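*Asks:* There's a structure below that I have some questions on.
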Number of protein chains: 2
Amino acid sequence: MIKTIEYIDGVVRMIDQTRLPAEKEFVDCRTIEEVGNAIKTMIIRGAPAIGVAAAMGVSLGADSIEATNFEDFYRELEGKCDRLGQSRPTAVNLAWAINRMKQVTQDNKSLPINELKSRLKEEALTVLTEDITTNQTMGEHGQTLVKDNSVILTHCNAGALATAGFGTALGVVRAAVNAGKNIRVMANETRPFLQGARLTTWELKEDNIPVKLITDNMCGFFMNKQEIDLVVVGADRIAANGDVANKIGTYMVAVLAKENNIPFYVAAPVSTLDLSLASGKEIPIEERSSDEVTHINKKQISPEGIEAAHPAFDITPNHLVTAIITENGIARAPFTDSLKALANQK
Amino acid sequence: MIKTIEYIDGVVRMIDQTRLPAEKEFVDCRTIEEVGNAIKTMIIRGAPAIGVAAAMGVSLGADSIEATNFEDFYRELEGKCDRLGQSRPTAVNLAWAINRMKQVTQDNKSLPINELKSRLKEEALTVLTEDITTNQTMGEHGQTLVKDNSVILTHCNAGALATAGFGTALGVVRAAVNAGKNIRVMANETRPFLQGARLTTWELKEDNIPVKLITDNMCGFFMNKQEIDLVVVGADRIAANGDVANKIGTYMVAVLAKENNIPFYVAAPVSTLDLSLASGKEIPIEERSSDEVTHINKKQISPEGIEAAHPAFDITPNHLVTAIITENGIARAPFTDSLKALANQK
């Protein structure tokens, strides 16, 4: 199994996703600030993986605090958490993981500081193992929607590399394969960061699952030729009404799927739901550096001085979403009801 | 004005579009075979530019024939034309230009071979100058559809570089600017060959027309944000019913435009109409090397051994096309009638 992230002996070790597949290098983070930087620069990416990294980062941050009373300890931890929380704005799993760690801190305020630090380390490891279990359960639910001999289109990388392991969208693929179904994946390359071309192809190849790479603008062509049976993507944040924030281009895929009567599924853990937001309009969309558009592999593709835009995510409105697959079951429209029911389930 | 292609003293000189914008190099072709190779390898590309290159190529081919009687001359010329005609399958302008040159040959069969060769050279130069005039007239028609202060989205490069000059889609942009309108362009980068990122931005910058570069998968995001007022693209072949073959991704743009109630215009000369084909289903779609998808700037982006697809064009069905702009006027649905009327006009 691909180890996206590990936490051993005060070191958070991540596979460097900016360098895959050409180089398989690891980055070691020893402070919460290093974890925040790894999230910001996309050494680790994918909403659930960001959540796991954040939990581990908070544990590293706690370890570095020298305060001996809870109030001082918590005040310092909160400051560190606030800064970590600003590393990327769209994926809600970042805030979710930080809040969970803060809650555990509060729940254990009576413990001696050293024991509290151990408790936080334990919690971070629980976030990791829970994420894998969550994805496996999500995959089981999701694979019931996948017929034998299906071609599944996916966008970006919602795989093992986007999570602690197994993946969300690719977890559905893996669960369908494990159930004995003959599945082929078509992977959008996903400009500008090329998560599809670099990461999705890489991890599916590692698992011997057949994958064909296409440029993002080809997926409509293949849908129109009826060569794609269903779409499964991940999510970075899902509003109460079922509007889905996910990697830029997801909206394009969803519109094309609707035009061609192809089911469009979103696979995401309950931690990706943000029921505090009524609709996707309230989800902040990260604007990243335009250099990531004008340069590929550090080489400039456009003429000097050309302006470029780089919204890193888009919002897919709920009417384009066939169903949302979570570890607690499958939600369908009206999502305001179905998502609330799944979120409250245990 | 950008000189995409010239024909002087037995040399067809083209700006090398595989190397722009990093390098501004020219390629000299001295034989019809060299012209065919330049078309195949996309040193020159864009349906009208391919037509101009083909006419010049036929002239070079004619010049190289040593036969002294018309029958032998024509037989040899036809063989050369057949091979040239196979260089790229989708753009009909290639066949159109070759047929025009063959027709001129037949119409002047009574001339001495040397004079016939001169006549063919003259015709090739006429194809070039006519193309520029055609584009300017097309631009005049097209710009009436463009309101002041518009943002125009375009896909691929349908500009001066895709023609003998001025451009088809970008001809509409230039004509609107020349009419005093404040126009901004949003350019899809157009993977895999990056015509938008490399060529459209380059030629608009040369003309000081504001342009913003986006990845193909971002155009839906900006349409949905109501930041795009209209779409104008070129075409490689248009069937009798108004189905449009154009660069891969055009179909995606058209579906997104329809979803967001944005007009979708196609600008193409009458030479791009193929009324012999009832619908786009009959248009051959070129499949190019998958290396062009798996590699960018000769550097591999995906893991070794990953399969990729590379359809170079797609078909936009007529119901997604708001209007087709030609030098003879603007065609609207039902296209079977309107295109026939424009084609027969002169």
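If you're wondering about the labels, chains in the structure tokens are A, B, ... by order shown, residues count from 1 in each chain, ligands from 1 in order shown.
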Starting from chain B, keep only residues with some atom at most 7 Å from an atom of chain A, counting only C-alpha atoms, and report them as a ChimeraX atom specification.
*Replies:* /B:21,191-192,197-198,202,212-218,220-221,248-249,251-252,255-256,293,301-303,306-309,314
*Asks:* Among region 178-322 of chain B, which residues does DSSP mark as strand (DSSP E) when it is run on the backbone? Keep the chain and numbering as in the structure and answer as a PyMOL selection string.
*Replies:* chain B and resi 183-188+211-214+230-233+237-239+244-247+264-267+273-274+295-296+299-300+307-308+313-316
*Asks:* Okay, now the selection with C-alpha atoms, as a compact mmCIF listing (two decimals), in the first residue's frame?
*Replies:*
# COMPACT_ATOMS: atom_id res chain seq x y z
CA ILE B 183 -12.25 43.88 -26.17
CA ARG B 184 -10.49 41.47 -23.87
CA VAL B 185 -9.69 37.89 -24.81
CA MET B 186 -9.59 34.87 -22.56
CA ALA B 187 -7.48 32.14 -24.17
CA ASN B 188 -7.80 28.44 -23.36
CA VAL B 211 -5.40 38.55 -23.25
CA LYS B 212 -5.61 36.35 -20.17
CA LEU B 213 -4.43 32.77 -20.29
CA ILE B 214 -6.40 29.99 -18.60
CA LEU B 230 -19.24 35.22 -25.97
CA VAL B 231 -17.17 32.42 -27.47
CA VAL B 232 -15.57 32.60 -30.92
CA VAL B 233 -13.63 29.66 -32.34
CA ARG B 237 -14.45 21.27 -41.33
CA ILE B 238 -18.15 22.09 -41.21
CA ALA B 239 -20.73 19.55 -42.42
CA VAL B 244 -18.38 21.68 -36.63
CA ALA B 245 -15.07 19.81 -36.46
CA ASN B 246 -12.50 21.84 -34.57
CA LYS B 247 -9.61 21.37 -32.16
CA PHE B 264 -21.06 30.23 -29.24
CA TYR B 265 -19.83 31.46 -32.64
CA VAL B 266 -17.73 29.69 -35.25
CA ALA B 267 -15.72 31.81 -37.72
CA LEU B 273 -17.60 24.02 -45.51
CA ASP B 274 -17.90 20.43 -46.67
CA HIS B 295 5.20 14.61 -22.85
CA ILE B 296 5.38 18.39 -22.55
CA LYS B 299 9.73 15.88 -20.86
CA GLN B 300 7.54 12.97 -19.81
CA GLU B 307 -1.38 4.57 -22.24
CA ALA B 308 -2.85 7.84 -23.49
CA PHE B 313 -10.35 17.17 -33.01
CA ASP B 314 -13.92 16.80 -31.88
CA ILE B 315 -17.35 17.47 -33.32
CA THR B 316 -19.60 20.20 -31.95
*Asks:* List every residue of region 14-170 of chain A that DSSP, applied to the backbone of this structure, assigns to alpha helix (DSSP H), and report them as a compact mmCIF listing (two decimals) with N, CA and C atoms, in the first residue's frame.
*Replies:*
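This is the output file out25.txt:
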# COMPACT_ATOMS: atom_id res chain seq x y z
N ILE A 32 5.12 22.14 13.25
CA ILE A 32 3.80 22.44 12.68
C ILE A 32 3.96 23.39 11.49
N GLU A 33 4.98 24.28 11.57
CA GLU A 33 5.21 25.23 10.48
C GLU A 33 5.66 24.50 9.21
N GLU A 34 6.48 23.49 9.38
CA GLU A 34 6.92 22.71 8.21
C GLU A 34 5.75 21.95 7.59
N VAL A 35 4.85 21.46 8.44
CA VAL A 35 3.66 20.78 7.92
C VAL A 35 2.80 21.79 7.13
N GLY A 36 2.61 22.99 7.69
CA GLY A 36 1.83 24.03 7.01
C GLY A 36 2.43 24.37 5.66
N ASN A 37 3.74 24.44 5.63
CA ASN A 37 4.42 24.75 4.37
C ASN A 37 4.26 23.62 3.35
N ALA A 38 4.30 22.39 3.83
CA ALA A 38 4.12 21.23 2.93
C ALA A 38 2.72 21.22 2.34
N ILE A 39 1.73 21.66 3.14
CA ILE A 39 0.35 21.74 2.64
C ILE A 39 0.24 22.86 1.61
N LYS A 40 0.80 24.01 1.94
CA LYS A 40 0.73 25.18 1.05
C LYS A 40 1.37 24.91 -0.30
N ALA A 47 -8.02 16.67 0.02
CA ALA A 47 -8.66 17.11 1.26
C ALA A 47 -8.43 16.18 2.45
N PRO A 48 -8.69 14.86 2.32
CA PRO A 48 -8.49 14.01 3.49
C PRO A 48 -7.02 13.95 3.93
N ALA A 49 -6.10 13.91 2.98
CA ALA A 49 -4.67 13.87 3.34
C ALA A 49 -4.26 15.15 4.04
N ILE A 50 -4.80 16.27 3.62
CA ILE A 50 -4.52 17.54 4.29
C ILE A 50 -5.03 17.48 5.73
N GLY A 51 -6.19 16.87 5.92
CA GLY A 51 -6.73 16.71 7.27
C GLY A 51 -5.81 15.89 8.16
N VAL A 52 -5.32 14.78 7.65
CA VAL A 52 -4.41 13.91 8.41
C VAL A 52 -3.12 14.67 8.73
N ALA A 53 -2.58 15.35 7.72
CA ALA A 53 -1.33 16.11 7.94
C ALA A 53 -1.55 17.18 9.00
N ALA A 54 -2.70 17.83 8.95
CA ALA A 54 -2.99 18.90 9.91
C ALA A 54 -3.04 18.34 11.33
N ALA A 55 -3.70 17.20 11.51
CA ALA A 55 -3.78 16.59 12.84
C ALA A 55 -2.37 16.29 13.36
N MET A 56 -1.53 15.75 12.48
CA MET A 56 -0.15 15.44 12.89
C MET A 56 0.62 16.72 13.16
N GLY A 57 0.35 17.74 12.35
CA GLY A 57 1.01 19.03 12.54
C GLY A 57 0.67 19.62 13.90
N VAL A 58 -0.59 19.53 14.30
CA VAL A 58 -1.01 20.05 15.61
C VAL A 58 -0.28 19.30 16.72
N SER A 59 -0.13 18.00 16.55
CA SER A 59 0.59 17.22 17.55
C SER A 59 2.05 17.68 17.65
N LEU A 60 2.69 17.90 16.47
CA LEU A 60 4.07 18.44 16.49
C LEU A 60 4.11 19.80 17.17
N GLY A 61 3.09 20.62 16.86
CA GLY A 61 3.02 21.96 17.47
C GLY A 61 2.89 21.87 18.98
N ALA A 62 2.04 20.96 19.45
CA ALA A 62 1.85 20.77 20.89
C ALA A 62 3.16 20.36 21.55
N ASP A 63 3.87 19.42 20.89
CA ASP A 63 5.13 18.91 21.45
C ASP A 63 6.15 20.03 21.68
N PHE A 70 -2.18 24.52 31.68
CA PHE A 70 -3.05 24.32 30.53
C PHE A 70 -3.39 25.60 29.79
N GLU A 71 -3.71 26.69 30.53
CA GLU A 71 -4.14 27.91 29.88
C GLU A 71 -3.06 28.43 28.93
N ASP A 72 -1.82 28.49 29.41
CA ASP A 72 -0.72 28.96 28.55
C ASP A 72 -0.52 28.01 27.36
N PHE A 73 -0.57 26.72 27.70
CA PHE A 73 -0.40 25.71 26.66
C PHE A 73 -1.45 25.88 25.57
N TYR A 74 -2.70 26.02 25.96
CA TYR A 74 -3.79 26.07 24.99
C TYR A 74 -3.73 27.36 24.17
N ARG A 75 -3.39 28.47 24.84
CA ARG A 75 -3.29 29.75 24.11
C ARG A 75 -2.24 29.65 23.01
N GLU A 76 -1.10 29.04 23.36
CA GLU A 76 -0.03 28.91 22.36
C GLU A 76 -0.45 27.95 21.23
N LEU A 77 -1.10 26.86 21.63
CA LEU A 77 -1.56 25.88 20.63
C LEU A 77 -2.56 26.52 19.67
N GLU A 78 -3.47 27.31 20.22
CA GLU A 78 -4.47 27.98 19.36
C GLU A 78 -3.81 28.87 18.32
N GLY A 79 -2.79 29.62 18.73
CA GLY A 79 -2.07 30.49 17.78
C GLY A 79 -1.46 29.69 16.65
N LYS A 80 -0.82 28.57 17.03
CA LYS A 80 -0.21 27.70 16.01
C LYS A 80 -1.28 27.13 15.08
N CYS A 81 -2.41 26.74 15.66
CA CYS A 81 -3.52 26.17 14.87
C CYS A 81 -4.07 27.21 13.89
N ASP A 82 -4.18 28.44 14.35
CA ASP A 82 -4.70 29.50 13.48
C ASP A 82 -3.82 29.67 12.25
N ARG A 83 -2.51 29.68 12.50
CA ARG A 83 -1.59 29.85 11.36
C ARG A 83 -1.65 28.65 10.42
N LEU A 84 -1.70 27.45 10.99
CA LEU A 84 -1.80 26.25 10.15
C LEU A 84 -3.09 26.28 9.32
N GLY A 85 -4.15 26.77 9.94
CA GLY A 85 -5.46 26.82 9.28
C GLY A 85 -5.50 27.72 8.06
N ASN A 93 -11.45 19.93 5.35
CA ASN A 93 -10.84 18.91 6.20
C ASN A 93 -9.71 19.47 7.04
N LEU A 94 -9.09 20.53 6.57
CA LEU A 94 -8.03 21.20 7.33
C LEU A 94 -8.61 21.75 8.63
N ALA A 95 -9.66 22.53 8.53
CA ALA A 95 -10.31 23.09 9.72
C ALA A 95 -10.91 21.98 10.58
N TRP A 96 -11.48 20.98 9.92
CA TRP A 96 -12.08 19.86 10.63
C TRP A 96 -11.06 19.17 11.53
N ALA A 97 -9.89 18.88 10.98
CA ALA A 97 -8.85 18.17 11.74
C ALA A 97 -8.32 19.04 12.88
N ILE A 98 -8.12 20.32 12.60
CA ILE A 98 -7.61 21.23 13.63
C ILE A 98 -8.63 21.33 14.78
N ASN A 99 -9.91 21.47 14.41
CA ASN A 99 -10.96 21.55 15.44
C ASN A 99 -11.03 20.28 16.27
N ARG A 100 -10.87 19.16 15.61
CA ARG A 100 -10.89 17.88 16.33
C ARG A 100 -9.74 17.82 17.34
N MET A 101 -8.57 18.26 16.94
CA MET A 101 -7.41 18.24 17.84
C MET A 101 -7.60 19.23 18.99
N LYS A 102 -8.19 20.38 18.69
CA LYS A 102 -8.44 21.37 19.75
C LYS A 102 -9.46 20.81 20.75
N GLN A 103 -10.47 20.12 20.20
CA GLN A 103 -11.50 19.55 21.06
C GLN A 103 -10.91 18.51 22.00
N VAL A 104 -10.04 17.65 21.46
CA VAL A 104 -9.38 16.63 22.28
C VAL A 104 -8.53 17.29 23.37
N THR A 105 -7.91 18.40 23.00
CA THR A 105 -7.10 19.14 23.99
C THR A 105 -8.00 19.62 25.12
N GLN A 106 -9.11 20.23 24.75
CA GLN A 106 -10.05 20.72 25.76
C GLN A 106 -10.61 19.58 26.61
N ASP A 107 -10.94 18.48 25.96
CA ASP A 107 -11.54 17.35 26.68
C ASP A 107 -10.57 16.73 27.69
N ILE A 113 0.51 18.12 31.21
CA ILE A 113 0.82 18.54 29.84
C ILE A 113 1.50 17.43 29.03
N ASN A 114 2.42 16.72 29.65
CA ASN A 114 3.11 15.66 28.91
C ASN A 114 2.17 14.56 28.45
N GLU A 115 1.23 14.20 29.34
CA GLU A 115 0.25 13.18 28.95
C GLU A 115 -0.69 13.70 27.89
N LEU A 116 -1.00 15.00 27.99
CA LEU A 116 -1.87 15.63 26.99
C LEU A 116 -1.19 15.57 25.62
N LYS A 117 0.11 15.84 25.59
CA LYS A 117 0.85 15.76 24.33
C LYS A 117 0.79 14.35 23.74
N SER A 118 0.93 13.35 24.61
CA SER A 118 0.83 11.95 24.14
C SER A 118 -0.56 11.66 23.60
N ARG A 119 -1.56 12.21 24.30
CA ARG A 119 -2.95 12.00 23.87
C ARG A 119 -3.19 12.59 22.48
N LEU A 120 -2.56 13.75 22.21
CA LEU A 120 -2.71 14.41 20.90
C LEU A 120 -2.01 13.60 19.80
N LYS A 121 -0.86 13.05 20.13
CA LYS A 121 -0.15 12.19 19.17
C LYS A 121 -1.01 10.97 18.81
N GLU A 122 -1.60 10.40 19.84
CA GLU A 122 -2.49 9.25 19.67
C GLU A 122 -3.67 9.62 18.76
N GLU A 123 -4.22 10.81 19.03
CA GLU A 123 -5.38 11.25 18.24
C GLU A 123 -4.99 11.43 16.76
N ALA A 124 -3.81 12.00 16.54
CA ALA A 124 -3.36 12.20 15.15
C ALA A 124 -3.25 10.87 14.43
N LEU A 125 -2.74 9.88 15.14
CA LEU A 125 -2.62 8.54 14.52
C LEU A 125 -4.00 7.92 14.30
N THR A 126 -4.94 8.25 15.21
CA THR A 126 -6.31 7.76 15.03
C THR A 126 -6.94 8.39 13.78
N VAL A 127 -6.68 9.69 13.58
CA VAL A 127 -7.20 10.36 12.38
C VAL A 127 -6.71 9.61 11.14
N LEU A 128 -5.43 9.21 11.16
CA LEU A 128 -4.87 8.48 10.02
C LEU A 128 -5.55 7.13 9.81
N THR A 129 -5.64 6.35 10.87
CA THR A 129 -6.21 5.00 10.68
C THR A 129 -7.70 5.08 10.37
N GLU A 130 -8.39 6.02 11.00
CA GLU A 130 -9.82 6.20 10.70
C GLU A 130 -10.04 6.56 9.24
N ASP A 131 -9.12 7.39 8.71
CA ASP A 131 -9.30 7.81 7.32
C ASP A 131 -9.26 6.61 6.38
N ILE A 132 -8.33 5.70 6.64
CA ILE A 132 -8.23 4.51 5.78
C ILE A 132 -9.50 3.67 5.88
N THR A 133 -9.96 3.44 7.13
CA THR A 133 -11.18 2.66 7.33
C THR A 133 -12.38 3.33 6.66
N THR A 134 -12.45 4.65 6.84
CA THR A 134 -13.52 5.44 6.23
C THR A 134 -13.54 5.22 4.72
N ASN A 135 -12.36 5.29 4.11
CA ASN A 135 -12.30 5.14 2.65
C ASN A 135 -12.70 3.75 2.20
N GLN A 136 -12.31 2.75 3.01
CA GLN A 136 -12.68 1.38 2.64
C GLN A 136 -14.20 1.20 2.72
N THR A 137 -14.81 1.76 3.75
CA THR A 137 -16.27 1.67 3.90
C THR A 137 -16.96 2.45 2.77
N MET A 138 -16.45 3.64 2.49
CA MET A 138 -16.97 4.46 1.39
C MET A 138 -16.89 3.69 0.07
N GLY A 139 -15.77 3.03 -0.13
CA GLY A 139 -15.58 2.25 -1.35
C GLY A 139 -16.62 1.15 -1.47
N GLU A 140 -16.91 0.50 -0.34
CA GLU A 140 -17.93 -0.57 -0.34
C GLU A 140 -19.29 -0.03 -0.75
N HIS A 141 -19.67 1.11 -0.17
CA HIS A 141 -20.94 1.75 -0.56
C HIS A 141 -20.90 2.11 -2.04
N GLY A 142 -19.81 2.75 -2.45
CA GLY A 142 -19.73 3.29 -3.80
C GLY A 142 -19.72 2.23 -4.87
N GLN A 143 -19.06 1.13 -4.60
CA GLN A 143 -18.90 0.12 -5.66
C GLN A 143 -20.24 -0.55 -6.02
N ALA A 169 -12.50 8.69 -4.41
CA ALA A 169 -12.98 8.27 -5.74
C ALA A 169 -12.26 6.99 -6.18
N LEU A 170 -10.94 6.96 -6.01
CA LEU A 170 -10.21 5.74 -6.39
C LEU A 170 -10.44 4.61 -5.40
*Asks:* So which residues touch Ala341 (chain A) within 12 Å, counting only C-alpha atoms, skipping near sequence neighbours fewer than 3 positions away, as a ChimeraX atom specification?
*Replies:* /A:240,270,273,275,326,328-332,334-338,344-346
*Asks:* Those residues you just picked out, can you put them in a file as a PDB file, in the first residue's frame with N, CA, C and O atoms?
*Replies:*
ATOM      1  N   ALA A 240     -24.205  22.428   2.563  1.00  0.00           N
ATOM      2  CA  ALA A 240     -25.401  21.744   3.065  1.00  0.00           C
ATOM      3  C   ALA A 240     -26.355  21.347   1.939  1.00  0.00           C
ATOM      4  O   ALA A 240     -27.046  20.329   2.023  1.00  0.00           O
ATOM      5  N   VAL A 270     -17.519  12.150   5.544  1.00  0.00           N
ATOM      6  CA  VAL A 270     -18.395  13.097   6.248  1.00  0.00           C
ATOM      7  C   VAL A 270     -17.599  14.329   6.712  1.00  0.00           C
ATOM      8  O   VAL A 270     -18.150  15.429   6.801  1.00  0.00           O
ATOM      9  N   LEU A 273     -18.018  17.377   4.600  1.00  0.00           N
ATOM     10  CA  LEU A 273     -19.279  18.136   4.617  1.00  0.00           C
ATOM     11  C   LEU A 273     -19.099  19.389   5.475  1.00  0.00           C
ATOM     12  O   LEU A 273     -18.523  19.327   6.556  1.00  0.00           O
ATOM     13  N   LEU A 275     -21.808  21.658   6.716  1.00  0.00           N
ATOM     14  CA  LEU A 275     -23.240  21.960   6.758  1.00  0.00           C
ATOM     15  C   LEU A 275     -23.511  23.361   7.298  1.00  0.00           C
ATOM     16  O   LEU A 275     -24.656  23.822   7.289  1.00  0.00           O
ATOM     17  N   THR A 326     -20.585   8.608   0.881  1.00  0.00           N
ATOM     18  CA  THR A 326     -19.819   8.814   2.120  1.00  0.00           C
ATOM     19  C   THR A 326     -19.652   7.475   2.825  1.00  0.00           C
ATOM     20  O   THR A 326     -20.234   6.464   2.396  1.00  0.00           O
ATOM     21  N   ASN A 328     -20.914   6.821   5.551  1.00  0.00           N
ATOM     22  CA  ASN A 328     -22.175   6.516   6.234  1.00  0.00           C
ATOM     23  C   ASN A 328     -23.304   6.151   5.274  1.00  0.00           C
ATOM     24  O   ASN A 328     -24.441   5.969   5.699  1.00  0.00           O
ATOM     25  N   GLY A 329     -23.001   6.112   4.000  1.00  0.00           N
ATOM     26  CA  GLY A 329     -24.027   5.757   3.026  1.00  0.00           C
ATOM     27  C   GLY A 329     -24.027   6.737   1.862  1.00  0.00           C
ATOM     28  O   GLY A 329     -23.149   7.600   1.766  1.00  0.00           O
ATOM     29  N   ILE A 330     -25.021   6.585   1.006  1.00  0.00           N
ATOM     30  CA  ILE A 330     -25.086   7.360  -0.236  1.00  0.00           C
ATOM     31  C   ILE A 330     -26.213   8.383  -0.148  1.00  0.00           C
ATOM     32  O   ILE A 330     -27.360   8.038   0.138  1.00  0.00           O
ATOM     33  N   ALA A 331     -25.852   9.657  -0.391  1.00  0.00           N
ATOM     34  CA  ALA A 331     -26.860  10.726  -0.332  1.00  0.00           C
ATOM     35  C   ALA A 331     -27.314  11.080  -1.744  1.00  0.00           C
ATOM     36  O   ALA A 331     -26.496  11.181  -2.661  1.00  0.00           O
ATOM     37  N   ARG A 332     -28.618  11.269  -1.898  1.00  0.00           N
ATOM     38  CA  ARG A 332     -29.176  11.731  -3.177  1.00  0.00           C
ATOM     39  C   ARG A 332     -30.031  12.956  -2.911  1.00  0.00           C
ATOM     40  O   ARG A 332     -30.336  13.291  -1.768  1.00  0.00           O
ATOM     41  N   PRO A 334     -33.225  15.326  -2.391  1.00  0.00           N
ATOM     42  CA  PRO A 334     -32.692  16.636  -1.974  1.00  0.00           C
ATOM     43  C   PRO A 334     -31.568  16.475  -0.941  1.00  0.00           C
ATOM     44  O   PRO A 334     -31.767  15.858   0.099  1.00  0.00           O
ATOM     45  N   PHE A 335     -30.418  17.057  -1.262  1.00  0.00           N
ATOM     46  CA  PHE A 335     -29.215  16.844  -0.456  1.00  0.00           C
ATOM     47  C   PHE A 335     -29.300  17.494   0.921  1.00  0.00           C
ATOM     48  O   PHE A 335     -28.667  17.039   1.863  1.00  0.00           O
ATOM     49  N   THR A 336     -30.039  18.579   1.021  1.00  0.00           N
ATOM     50  CA  THR A 336     -30.123  19.252   2.318  1.00  0.00           C
ATOM     51  C   THR A 336     -30.609  18.271   3.389  1.00  0.00           C
ATOM     52  O   THR A 336     -30.098  18.254   4.509  1.00  0.00           O
ATOM     53  N   ASP A 337     -31.556  17.420   3.017  1.00  0.00           N
ATOM     54  CA  ASP A 337     -32.048  16.397   3.944  1.00  0.00           C
ATOM     55  C   ASP A 337     -31.077  15.220   4.058  1.00  0.00           C
ATOM     56  O   ASP A 337     -30.704  14.811   5.157  1.00  0.00           O
ATOM     57  N   SER A 338     -30.688  14.687   2.900  1.00  0.00           N
ATOM     58  CA  SER A 338     -29.910  13.432   2.923  1.00  0.00           C
ATOM     59  C   SER A 338     -28.536  13.632   3.549  1.00  0.00           C
ATOM     60  O   SER A 338     -28.048  12.753   4.275  1.00  0.00           O
ATOM     61  N   ASN A 344     -25.323  13.152  10.746  1.00  0.00           N
ATOM     62  CA  ASN A 344     -25.714  12.901  12.136  1.00  0.00           C
ATOM     63  C   ASN A 344     -25.634  11.432  12.514  1.00  0.00           C
ATOM     64  O   ASN A 344     -25.681  11.081  13.686  1.00  0.00           O
ATOM     65  N   GLN A 345     -25.552  10.586  11.508  1.00  0.00           N
ATOM     66  CA  GLN A 345     -25.458   9.146  11.725  1.00  0.00           C
ATOM     67  C   GLN A 345     -24.127   8.811  12.373  1.00  0.00           C
ATOM     68  O   GLN A 345     -23.171   9.571  12.279  1.00  0.00           O
ATOM     69  N   LYS A 346     -24.046   7.673  12.995  1.00  0.00           N
ATOM     70  CA  LYS A 346     -22.749   7.307  13.591  1.00  0.00           C
ATOM     71  C   LYS A 346     -22.509   5.846  13.317  1.00  0.00           C
ATOM     72  O   LYS A 346     -23.258   4.987  13.702  1.00  0.00           O
TER      73      LYS A 346
END
